[in-house]
Structure formats: C-alpha cells, structure tokens
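Raw coords.cif, mmCIF, C-alpha atoms:
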data_protein
loop_
_atom_site.label_atom_id
_atom_site.label_comp_id
_atom_site.auth_asym_id
_atom_site.auth_seq_id
_atom_site.Cartn_x
_atom_site.Cartn_y
_atom_site.Cartn_z
CA MET R 1 -50.13 7.60 -27.93
CA GLU R 2 -48.24 7.95 -24.68
CA THR R 3 -50.26 7.96 -21.50
CA LYS R 4 -48.84 10.86 -19.56
CA SER R 5 -49.55 9.42 -16.16
CA SER R 6 -47.61 6.26 -16.93
CA ILE R 7 -44.33 8.16 -17.18
CA ILE R 8 -42.13 9.30 -14.33
CA VAL R 9 -38.99 11.41 -14.56
CA ILE R 10 -36.21 10.55 -12.11
CA ILE R 11 -33.54 13.11 -11.29
CA PRO R 12 -30.63 12.36 -8.95
CA ALA R 13 -29.38 15.59 -7.39
CA LYS R 14 -26.56 16.62 -5.14
CA ASN R 15 -25.99 20.29 -4.40
CA GLU R 16 -27.92 21.43 -7.46
CA GLU R 17 -30.08 24.16 -5.91
CA SER R 18 -29.33 26.61 -8.71
CA THR R 19 -30.62 24.40 -11.53
CA VAL R 20 -32.89 21.66 -10.21
CA GLY R 21 -35.99 23.86 -9.80
CA ASP R 22 -35.65 25.15 -13.33
CA VAL R 23 -35.16 21.63 -14.71
CA VAL R 24 -38.29 20.37 -12.93
CA GLN R 25 -40.36 23.28 -14.23
CA LYS R 26 -39.15 22.77 -17.80
CA ILE R 27 -40.11 19.09 -17.62
CA HIS R 28 -43.56 19.96 -16.30
CA ALA R 29 -43.97 22.48 -19.12
CA GLU R 30 -43.12 19.72 -21.59
CA LEU R 31 -45.32 16.94 -20.26
CA GLN R 32 -47.73 16.16 -17.46
CA CYS R 33 -45.96 13.64 -15.30
CA GLU R 34 -44.57 13.11 -11.84
CA VAL R 35 -41.01 14.32 -11.41
CA VAL R 36 -39.10 12.77 -8.56
CA VAL R 37 -35.85 14.27 -7.34
CA ILE R 38 -33.63 12.03 -5.23
CA ASP R 39 -31.55 14.17 -2.93
CA ASP R 40 -28.16 12.55 -2.39
CA VAL R 41 -27.53 14.27 0.95
CA SER R 42 -27.13 17.79 -0.44
CA GLU R 43 -25.66 20.49 1.73
CA ASP R 44 -27.57 23.30 0.04
CA SER R 45 -31.28 23.87 -0.45
CA THR R 46 -31.74 21.38 -3.31
CA VAL R 47 -34.67 19.75 -1.46
CA GLN R 48 -36.55 23.01 -1.08
CA ALA R 49 -35.82 24.10 -4.66
CA ALA R 50 -37.06 20.79 -6.09
CA SER R 51 -40.07 20.58 -3.82
CA SER R 52 -41.26 24.10 -4.48
CA ALA R 53 -40.89 23.50 -8.24
CA GLY R 54 -43.44 20.70 -7.86
CA ALA R 55 -41.25 17.63 -7.66
CA THR R 56 -41.58 14.73 -5.27
CA VAL R 57 -38.40 14.57 -3.21
CA LEU R 58 -36.86 11.39 -1.88
CA PRO R 59 -34.23 12.37 0.69
CA LEU R 60 -31.40 9.86 1.11
CA THR R 61 -29.91 9.59 4.57
CA VAL R 62 -26.61 8.16 3.36
CA HIS R 63 -24.65 9.34 0.33
CA LEU R 64 -25.24 6.65 -2.32
CA GLY R 65 -23.90 8.31 -5.47
CA ALA R 66 -25.74 8.89 -8.72
CA TRP R 67 -26.63 5.26 -9.39
CA GLY R 68 -27.83 4.62 -5.81
CA ALA R 69 -30.06 7.66 -6.16
CA ILE R 70 -31.41 6.55 -9.54
CA GLN R 71 -32.13 3.08 -8.18
CA THR R 72 -34.09 4.68 -5.36
CA GLY R 73 -36.14 6.45 -8.01
CA LEU R 74 -36.65 3.21 -9.93
CA ARG R 75 -37.87 1.47 -6.80
CA TYR R 76 -40.25 4.35 -6.20
CA ALA R 77 -41.47 4.17 -9.81
CA LEU R 78 -42.14 0.44 -9.53
CA ARG R 79 -43.97 0.87 -6.24
CA GLU R 80 -46.15 3.60 -7.71
CA GLY R 81 -46.91 1.47 -10.76
CA TYR R 82 -45.30 3.61 -13.48
CA LEU R 83 -44.68 1.93 -16.82
CA ILE R 84 -41.82 4.08 -18.08
CA ALA R 85 -39.08 5.84 -16.14
CA VAL R 86 -36.91 8.55 -17.65
CA THR R 87 -33.69 9.50 -15.88
CA MET R 88 -32.18 12.94 -16.34
CA ASP R 89 -29.37 14.99 -14.83
CA ALA R 90 -30.18 17.85 -12.49
CA ASP R 91 -27.74 20.25 -14.13
CA GLY R 92 -29.98 21.11 -17.06
CA GLN R 93 -27.91 19.58 -19.86
CA HIS R 94 -30.67 17.22 -20.99
CA PRO R 95 -33.42 18.92 -23.01
CA PRO R 96 -36.88 17.91 -21.73
CA SER R 97 -38.25 18.12 -25.29
CA ALA R 98 -36.28 14.98 -26.14
CA ILE R 99 -38.16 12.93 -23.53
CA HIS R 100 -40.88 12.18 -26.10
CA ASP R 101 -38.36 10.60 -28.44
CA LEU R 102 -36.95 8.30 -25.79
CA VAL R 103 -40.37 7.37 -24.46
CA ALA R 104 -41.59 6.63 -27.99
CA ALA R 105 -38.68 4.24 -28.54
CA VAL R 106 -39.55 2.32 -25.39
CA GLU R 107 -43.32 2.51 -25.87
CA SER R 108 -43.15 1.17 -29.40
CA GLU R 109 -41.46 -1.88 -27.87
CA GLN R 110 -38.36 -1.38 -30.00
CA ALA R 111 -36.32 -1.44 -26.85
CA ASP R 112 -36.37 -1.98 -23.10
CA MET R 113 -34.11 0.99 -22.64
CA ALA R 114 -33.45 4.02 -24.80
CA ILE R 115 -30.39 6.23 -24.38
CA GLY R 116 -30.39 9.90 -25.27
CA ALA R 117 -26.99 9.97 -26.93
CA CYS R 118 -24.87 12.98 -27.64
CA ILE R 119 -21.64 11.83 -29.15
CA GLN R 120 -20.47 15.32 -30.07
CA ARG R 121 -19.99 16.23 -26.44
CA GLY R 122 -17.07 15.43 -24.24
CA SER R 123 -13.35 15.84 -24.37
CA ARG R 124 -10.97 13.62 -26.29
CA ALA R 125 -10.22 11.82 -23.01
CA ARG R 126 -13.86 10.88 -22.67
CA HIS R 127 -13.95 9.48 -26.19
CA VAL R 128 -10.83 7.45 -25.48
CA ALA R 129 -12.52 6.11 -22.32
CA TRP R 130 -15.60 5.12 -24.32
CA MET R 131 -13.44 3.39 -26.90
CA ILE R 132 -11.67 1.36 -24.21
CA PHE R 133 -14.99 0.37 -22.63
CA ARG R 134 -16.41 -0.66 -25.99
CA GLN R 135 -13.38 -2.83 -26.65
CA ILE R 136 -13.40 -4.54 -23.26
CA SER R 137 -17.12 -4.98 -22.80
CA GLY R 138 -18.06 -5.75 -26.39
CA ILE R 139 -20.93 -3.26 -26.18
CA SER R 140 -21.14 -1.28 -29.37
CA LEU R 141 -23.23 1.71 -28.27
CA GLU R 142 -21.99 5.22 -29.07
CA ASP R 143 -22.71 7.12 -25.85
CA LEU R 144 -21.99 4.85 -22.92
CA THR R 145 -22.15 7.38 -20.13
CA SER R 146 -25.25 9.40 -20.91
CA GLY R 147 -27.55 9.75 -17.90
CA PHE R 148 -30.50 10.60 -20.15
CA ARG R 149 -32.33 7.31 -20.47
CA ALA R 150 -35.81 5.81 -20.62
CA TYR R 151 -36.59 2.39 -19.12
CA ASN R 152 -39.64 0.19 -19.47
CA ARG R 153 -40.98 -1.88 -16.60
CA THR R 154 -38.91 -4.96 -17.45
CA ALA R 155 -35.68 -2.95 -17.35
CA MET R 156 -36.82 -1.08 -14.24
CA THR R 157 -37.52 -4.34 -12.40
CA LEU R 158 -34.10 -5.72 -13.26
CA LEU R 159 -32.28 -2.53 -12.34
CA ALA R 160 -34.17 -1.99 -9.10
CA SER R 161 -33.20 -5.45 -7.91
CA ARG R 162 -30.48 -6.29 -5.38
CA ARG R 163 -28.26 -7.45 -8.23
CA ALA R 164 -27.82 -3.87 -9.34
CA THR R 165 -27.40 -2.38 -5.87
CA LEU R 166 -23.63 -2.63 -5.65
CA LEU R 167 -23.07 -0.73 -8.89
CA ASP R 168 -21.50 2.68 -8.48
CA TYR R 169 -22.23 4.32 -11.82
CA GLN R 170 -25.17 4.33 -14.18
CA ASP R 171 -23.18 3.43 -17.27
CA MET R 172 -21.22 0.22 -17.93
CA GLY R 173 -22.56 -1.93 -15.10
CA VAL R 174 -26.13 -1.15 -16.06
CA LEU R 175 -25.53 -1.79 -19.77
CA ILE R 176 -23.80 -5.10 -19.08
CA LEU R 177 -26.60 -6.19 -16.73
CA LEU R 178 -29.21 -5.37 -19.37
CA ARG R 179 -27.30 -7.22 -22.07
CA ARG R 180 -26.85 -10.31 -19.92
CA ALA R 181 -30.58 -10.34 -19.22
CA GLY R 182 -31.21 -10.20 -22.97
CA LEU R 183 -32.87 -6.77 -22.91
CA ARG R 184 -32.69 -4.47 -25.90
CA VAL R 185 -31.04 -1.07 -25.83
CA VAL R 186 -31.34 1.62 -28.50
CA GLU R 187 -29.83 5.07 -28.87
CA ARG R 188 -31.57 8.23 -29.96
CA PRO R 189 -29.49 11.26 -30.91
CA VAL R 190 -30.09 14.20 -28.61
CA GLU R 191 -28.79 17.75 -28.71
CA MET R 192 -27.41 18.31 -25.25
CA CYS R 193 -27.22 21.77 -23.78
CA GLN R 194 -24.17 23.10 -22.04
CA ARG R 195 -24.16 22.26 -18.39
CA GLU R 196 -25.77 25.21 -16.64
CA SER R 197 -23.65 24.87 -13.53
CA GLY R 198 -21.20 22.56 -11.89
CA THR R 199 -18.93 20.03 -13.52
CA SER R 200 -19.19 16.35 -14.35
CA ARG R 201 -18.71 14.23 -11.24
CA ILE R 202 -16.96 11.44 -13.10
CA PHE R 203 -14.60 13.62 -15.13
CA SER R 204 -13.80 16.11 -12.38
CA SER R 205 -10.23 15.21 -11.47
CA TRP R 206 -7.55 12.84 -12.69
CA TRP R 207 -7.71 10.71 -9.57
CA VAL R 208 -11.49 10.34 -9.86
CA VAL R 209 -11.13 9.52 -13.56
CA PHE R 210 -8.48 6.91 -12.80
CA LYS R 211 -10.64 5.28 -10.12
CA TYR R 212 -13.67 5.36 -12.39
CA MET R 213 -11.74 3.82 -15.29
CA LEU R 214 -10.32 1.09 -13.11
CA VAL R 215 -13.68 0.19 -11.55
CA SER R 216 -15.39 0.21 -14.95
CA CYS R 217 -12.69 -1.92 -16.58
CA ILE R 218 -12.89 -4.49 -13.78
CA LEU R 219 -16.67 -4.52 -14.15
CA CYS R 220 -16.44 -4.96 -17.93
CA LEU R 221 -13.94 -7.81 -17.61
CA ALA R 222 -15.67 -9.58 -14.75
CA LYS R 223 -19.19 -9.42 -16.10
CA ARG R 224 -18.86 -9.58 -19.86
CA MET K 1 15.78 -20.83 35.54
CA ILE K 2 14.92 -21.51 31.93
CA ILE K 3 11.29 -22.28 31.28
CA SER K 4 10.69 -24.97 28.68
CA TYR K 5 9.33 -23.48 25.46
CA LYS K 6 6.54 -26.05 25.68
CA TRP K 7 5.30 -24.32 28.81
CA LEU K 8 5.47 -20.96 27.16
CA SER K 9 3.57 -22.08 24.08
CA SER K 10 0.96 -23.88 26.20
CA ILE K 11 0.37 -20.79 28.33
CA LEU K 12 0.14 -18.58 25.21
CA GLY K 13 -2.23 -21.10 23.61
CA LEU K 14 -4.42 -21.14 26.71
CA LEU K 15 -4.49 -17.35 26.92
CA ILE K 16 -5.44 -16.88 23.26
CA ALA K 17 -8.05 -19.68 23.29
CA GLY K 18 -9.44 -18.44 26.62
CA GLY K 19 -9.66 -14.88 25.27
CA ILE K 20 -11.58 -16.00 22.18
CA LEU K 21 -13.93 -18.19 24.24
CA THR K 22 -14.61 -15.31 26.64
CA LEU K 23 -15.50 -13.04 23.72
CA VAL K 24 -17.87 -15.68 22.31
CA ARG K 25 -19.42 -16.35 25.73
CA ARG K 26 -20.05 -12.63 26.32
CA ASP K 27 -21.75 -12.25 22.95
CA TYR K 28 -19.13 -9.84 21.64
CA LEU K 29 -18.70 -12.13 18.63
CA HIS K 30 -21.56 -13.16 16.40
CA THR K 31 -21.96 -16.95 16.27
CA ARG K 32 -21.23 -16.86 12.53
CA TYR K 33 -17.74 -15.52 13.19
CA ALA K 34 -17.35 -17.44 16.45
CA ILE K 35 -17.06 -20.74 14.54
CA TRP K 36 -13.93 -19.54 12.76
CA TRP K 37 -12.39 -18.15 15.92
CA LEU K 38 -13.21 -21.27 17.94
CA CYS K 39 -11.38 -23.36 15.33
CA ILE K 40 -8.42 -20.98 15.63
CA ALA K 41 -8.58 -21.27 19.43
CA VAL K 42 -8.51 -25.09 19.23
CA GLY K 43 -5.60 -24.94 16.77
CA VAL K 44 -3.65 -22.57 19.00
CA LEU K 45 -4.33 -24.78 22.05
CA VAL K 46 -3.27 -27.99 20.34
CA LEU K 47 -0.13 -26.43 18.88
CA GLY K 48 0.57 -24.76 22.22
CA PHE K 49 0.57 -28.06 24.08
CA PHE K 50 2.18 -30.10 21.32
CA PRO K 51 4.55 -27.79 19.44
CA GLY K 52 6.31 -30.88 18.11
CA LEU K 53 3.34 -31.45 15.80
CA VAL K 54 4.70 -28.81 13.44
CA ASP K 55 7.94 -30.77 13.02
CA MET K 56 6.02 -34.02 12.58
CA VAL K 57 3.93 -32.54 9.78
CA GLY K 58 6.81 -30.57 8.25
CA SER K 59 9.35 -33.38 7.82
CA PRO K 60 7.30 -35.70 5.57
CA PHE K 61 6.60 -32.70 3.29
CA GLY K 62 10.32 -32.03 2.96
CA VAL K 63 10.20 -28.67 4.75
CA HIS K 64 13.73 -28.04 6.01
CA TYR K 65 12.68 -25.55 8.64
CA PRO K 66 9.24 -26.75 9.86
CA PRO K 67 8.21 -23.60 11.80
CA ILE K 68 8.01 -21.76 8.47
CA LEU K 69 5.17 -24.14 7.59
CA LEU K 70 3.20 -22.70 10.49
CA VAL K 71 3.94 -19.15 9.37
CA ILE K 72 2.81 -19.89 5.80
CA LEU K 73 -0.31 -21.65 7.07
CA CYS K 74 -1.14 -18.68 9.30
CA LEU K 75 -0.60 -16.22 6.45
CA GLY K 76 -2.95 -18.29 4.27
CA LEU K 77 -5.58 -18.27 6.98
CA VAL K 78 -5.20 -14.50 7.43
CA LEU K 79 -5.69 -14.01 3.67
CA ILE K 80 -8.80 -16.20 3.67
CA LYS K 81 -10.16 -14.31 6.66
CA MET K 82 -9.52 -10.94 4.98
CA LEU K 83 -11.25 -12.08 1.82
CA THR K 84 -14.29 -13.32 3.71
CA MET K 85 -14.34 -10.04 5.65
CA ASP K 86 -14.49 -8.09 2.38
CA LEU K 87 -17.27 -10.40 1.15
CA GLU K 88 -19.13 -9.66 4.35
CA ARG K 89 -18.49 -5.93 3.97
CA SER K 90 -19.91 -6.05 0.45
CA ARG K 91 -23.01 -7.79 1.78
CA HIS K 92 -23.36 -5.10 4.43
CA GLU K 93 -22.86 -2.36 1.84
CA ARG K 94 -25.67 -3.83 -0.25
CA GLU K 95 -27.98 -4.04 2.75
CA LEU K 96 -27.08 -0.51 3.83
CA ARG K 97 -27.85 0.88 0.39
CA ARG K 98 -31.17 -1.00 0.20
CA LEU K 99 -32.09 0.32 3.64
CA ALA K 100 -31.16 3.91 2.82
CA GLN K 101 -33.25 3.65 -0.34
CA ARG K 102 -36.20 2.18 1.54
CA LEU K 103 -35.94 4.95 4.11
CA ALA K 104 -35.94 7.57 1.34
CA LEU K 105 -39.10 5.98 -0.10
CA LEU K 106 -40.76 6.10 3.31
CA GLU K 107 -39.72 9.70 3.84
CA SER K 108 -40.74 10.87 0.38
CA LEU K 109 -41.82 14.49 0.36
CA LYS K 110 -44.66 14.99 -2.04
CA SER K 111 -44.70 18.38 -3.72
CA ILE K 112 -46.55 21.24 -2.11
CA GLU K 113 -49.30 21.09 -4.72
CA SER K 114 -49.96 17.41 -4.23
CA ASP K 115 -49.92 17.96 -0.46
CA GLU K 116 -52.65 20.51 -0.89
CA SER K 117 -54.65 18.26 -3.17
CA ARG K 118 -54.30 15.49 -0.63
CA LYS K 119 -55.59 17.79 2.09
CA ASN K 120 -58.51 18.72 -0.13
CA ALA K 121 -59.21 15.05 -0.80
CA TYR K 122 -59.41 14.32 2.92
CA GLN K 123 -61.69 17.24 3.71
#
Please express what this file holds, its structure, as structure tokens.
Amino acid sequence: METKSSIIVIIPAKNEESTVGDVVQKIHAELQCEVVVIDDVSEDSTVQAASSAGATVLPLTVHLGAWGAIQTGLRYALREGYLIAVTMDADGQHPPSAIHDLVAAVESEQADMAIGACIQRGSRARHVAWMIFRQISGISLEDLTSGFRAYNRTAMTLLASRRATLLDYQDMGVLILLRRAGLRVVERPVEMCQRESGTSRIFSSWWVVFKYMLVSCILCLAKR
Amino acid sequence: MIISYKWLSSILGLLIAGGILTLVRRDYLHTRYAIWWLCIAVGVLVLGFFPGLVDMVGSPFGVHYPPILLVILCLGLVLIKMLTMDLERSRHERELRRLAQRLALLESLKSIESDESRKNAYQ
C-alpha cells in the first residue's frame, strides 16, 4: 500500500499560468501529497496560480530549463525526506490518475524509475528522433522523452547530484546516467491528454530541434 | 636611423611581461590564471631579448622558415587556453546552477494552506 505522505509530485513550469493551477488541483484530487512547482523565471502569474492551488513553489532566480527545474525539485524532495518523486508537465497532458501506476512500479521495487510512456503521441519527426537515439545510445525504451516519471530515492540521489547538473534535458542524459549506475528503468503505458495550452519546448522550431538533436547525439556518443 | 629588431622585440617583450605582472600584482587576475600568464610573460621576455632562439630551435627540426614555428606554437597555446577556458566556464555553469537551485530551496513558498497551518501550529 502506498504511503501518501512519502510521495511528492514535481512540476517544472514556465509561463503556464493558464494550466498549472488546474493541474495541481487535479493531482490533489487524485492523491494526498505535496505538489511542488518549480518556477523557471516565468513572466506571467504562474507562481500565484500554483501557490493558490495549494502547491509549494520554488522560484528560480536564473533560467535553468526543464531539467534544472526538475533537479531543484529532486533536491527539495531529498531534503524533505520523500521516498518517491513523480515528475509531471505543467501543461496538463499527463493524467494524474496514472500516478498510481508509476508509483506502484517503483514501490514494488521492480524499478528505480518508471516512465509513463505514450508512444502513440508525437509526429513522425519525433519518432525518427527516438529511433536515432535508440540506435546511438543502445537504450531500448519506447518513449525516451516523456516527462512523466517516478523515481525512488536511489534514483533521486543520483539525479540530484552534481554529476547530473550540467544536463540540459530530462531525457537521454538522465537515462544514460541511470543505466551507467546500474539502475532499473521500466515503462508503463499511459494515455496522454492533448496539451491544454502551449507547445512542446523541444519540438517548437527547426533550429531548436536541430540543437536538441545535436546535443543529445553528442551526449549519447560520449556517455554510452 | 634604423632600430635593431632585437631592440624592438625586447621592448615589446618588456611591455607585455610588465603589463601581465601589473595585472597580477593589482589582483585583477586570479592566482590560478596568473601562473599561465606569468609563464607567457617569461616566454615573451626571453624571446624578446633573444629572438635568435627561434632560429636555433627551428633549424634542428628542419623548419625552413623558423618564425612559423613560433606562430604554430602560439596558436597551439591559444587553443589550449581556449579549451581550459571552456572547462572553467562549464565548472562555473555547474556552480551557478547549483547555487540557483539552493536559492530556490531557501526561498520556497509554501502554499497558503500550509502557511496557515504553520501559523496555527505556532499559536
């Protein structure tokens, strides 16, 4: 049986005032746990929206990107003594009802990290990107970029360390780090909702995609 | 009057070495970087006073035009310096991120409800 107080939900947010409050409330309706929103220097009222929805807000002073924000949350979770951390996006595409599934996978000690995978989503380009990453890195997971994940304390400790601080994205670098440390990763199929607002940061423009692909390929080659 | 190129190179060497030493003395350069620049200053001084050294080193290595040896050496040093600068920048980036994260932890805003419960707990 999961102990509710041992779970924390971590949400990195940047300019997500329209959805973050709703996401926090839906999580609270699903399970009793602390929700922490890491504000990546938003220019709108994300902080107020998250705070008034009942979340703890960690305001970053410097823009650190999604992974920097998640790592802040992981450090917070470790400091507060949480046993399991679940990361979700602030745009409402991850269904809170699936948290139980991910937590169960980690709690049953099947894995140190569980990924909420939705392989139906994404454009053809994204699938091609995943295929390239799988080839280069030798990691055979289906959904490499999902931000819906659950970590146990071992994985949290590794990922909150300085070794993971220079990563820019939550996907390949994190997976490679976990694999090299001998930690187990499993996937759980999840029905993802349509993004309520905004667009994917990574797949927003060709230049950003190109940069992301290049950085990820270098990471895969250098660290595999 | 034509000034001997030895004089010119010595004066240049002195000026560059003196400039670097002044920066180190005035604490504008961190000691860690000062070591590198002091070595450069000594090199510039020595080569400034004895420009013939380049020819002496170049000939045994079969370099037909010895000054090019100096240029290649300098380019190599510039590349090494740039690489170490990027290593240093990466270290700074890591520290900056850790600090920003620590600051966010210290400035954490608990939700309104938990603020109220905390107030109640203290009453």
Step by step, work through what the PyMOL selection byres ((chain K) within 6 of (chain R)) selects in the shown file, and finish by giving those residues as a list in words.
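When the PyMOL selection byres ((chain K) within 6 of (chain R)) is applied to the shown file, the picked residues are Arg94, Gln101, Ala104, Ser108, Leu109, Lys110 and Ser111 of chain K.
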Could you check how far CA of Leu15 in chain K sits from CA of Val42 in chain K, in Å to one decimal?
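So the answer is 11.6 Å.
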Shell of 10 Å around Gly147 in chain R, all atoms listed in the file, local chain residues under 4 positions omitted, as an MDAnalysis selection string
chainID R and resid 11:12 66:67 70 86:89 94 115:117 143 169:171
Create the file for the chosen residues now, containing C-alpha atoms and written as a PDB file, in the coordinates of the input.
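File produced: out34.pdb:
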ATOM      1  CA  ILE R  11     -33.540  13.110 -11.290  1.00  0.00           C
ATOM      2  CA  PRO R  12     -30.630  12.360  -8.950  1.00  0.00           C
ATOM      3  CA  ALA R  66     -25.740   8.890  -8.720  1.00  0.00           C
ATOM      4  CA  TRP R  67     -26.630   5.260  -9.390  1.00  0.00           C
ATOM      5  CA  ILE R  70     -31.410   6.550  -9.540  1.00  0.00           C
ATOM      6  CA  VAL R  86     -36.910   8.550 -17.650  1.00  0.00           C
ATOM      7  CA  THR R  87     -33.690   9.500 -15.880  1.00  0.00           C
ATOM      8  CA  MET R  88     -32.180  12.940 -16.340  1.00  0.00           C
ATOM      9  CA  ASP R  89     -29.370  14.990 -14.830  1.00  0.00           C
ATOM     10  CA  HIS R  94     -30.670  17.220 -20.990  1.00  0.00           C
ATOM     11  CA  ILE R 115     -30.390   6.230 -24.380  1.00  0.00           C
ATOM     12  CA  GLY R 116     -30.390   9.900 -25.270  1.00  0.00           C
ATOM     13  CA  ALA R 117     -26.990   9.970 -26.930  1.00  0.00           C
ATOM     14  CA  ASP R 143     -22.710   7.120 -25.850  1.00  0.00           C
ATOM     15  CA  TYR R 169     -22.230   4.320 -11.820  1.00  0.00           C
ATOM     16  CA  GLN R 170     -25.170   4.330 -14.180  1.00  0.00           C
ATOM     17  CA  ASP R 171     -23.180   3.430 -17.270  1.00  0.00           C
TER      18      ASP R 171
END
Decode the PyMOL selection byres ((chain R and resi 119) around 10) for the given file into explicit residues and return them as a VMD selection string.
chain R and resid 116 to 118 120 to 122 127 142 to 144 146 189 to 192
Interatomic distance, CA of Asp44 in chain R to CA of Ala100 in chain K (Å, one decimal):
19.9 Å
Residues returned when the PyMOL selection byres ((chain R and resi 92) around 6) runs on this file, as a ChimeraX atom specification:
/R:23,90-91,93-94,196
Spatial sel., origin (-48.6, 7.2, -17.4), limit 10 Å, only C-alpha atoms, listed as a PDB file with C-alpha atoms, in the frame of the given file:
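Now in point_36.pdb:
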ATOM      1  CA  GLU R   2     -48.240   7.950 -24.680  1.00  0.00           C
ATOM      2  CA  THR R   3     -50.260   7.960 -21.500  1.00  0.00           C
ATOM      3  CA  LYS R   4     -48.840  10.860 -19.560  1.00  0.00           C
ATOM      4  CA  SER R   5     -49.550   9.420 -16.160  1.00  0.00           C
ATOM      5  CA  SER R   6     -47.610   6.260 -16.930  1.00  0.00           C
ATOM      6  CA  ILE R   7     -44.330   8.160 -17.180  1.00  0.00           C
ATOM      7  CA  ILE R   8     -42.130   9.300 -14.330  1.00  0.00           C
ATOM      8  CA  GLN R  32     -47.730  16.160 -17.460  1.00  0.00           C
ATOM      9  CA  CYS R  33     -45.960  13.640 -15.300  1.00  0.00           C
ATOM     10  CA  GLU R  34     -44.570  13.110 -11.840  1.00  0.00           C
ATOM     11  CA  GLY R  81     -46.910   1.470 -10.760  1.00  0.00           C
ATOM     12  CA  TYR R  82     -45.300   3.610 -13.480  1.00  0.00           C
ATOM     13  CA  LEU R  83     -44.680   1.930 -16.820  1.00  0.00           C
ATOM     14  CA  ILE R  84     -41.820   4.080 -18.080  1.00  0.00           C
ATOM     15  CA  ALA R  85     -39.080   5.840 -16.140  1.00  0.00           C
TER      16      ALA R  85
END
Polymer residues at most 12 Å from (4.7, -22.2, 9.2) by only C-alpha atoms, as a PyMOL selection string:
chain K and resi 47+51+53-55+57-58+63-77
Test item: residues at most 9 Å from Met113 in chain R, only C-alpha atoms, excluding those fewer than 6 positions along its chain, as a count of residues only:
14
Can you measure CA of Arg153 in chain R to CA of Lys26 in chain R for me? One decimal in Å is fine.
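Interatomic distance here is 24.7 Å.
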Quick one: residues within 10 Å of Gly182 in chain R, all atoms listed in the file, excluding same-chain residues fewer than 5 positions away - as a PDB file with C-alpha atoms, in the coordinates of the input?
ATOM      1  CA  ASP R 112     -36.370  -1.980 -23.100  1.00  0.00           C
ATOM      2  CA  ILE R 176     -23.800  -5.100 -19.080  1.00  0.00           C
ATOM      3  CA  LEU R 177     -26.600  -6.190 -16.730  1.00  0.00           C
TER       4      LEU R 177
END
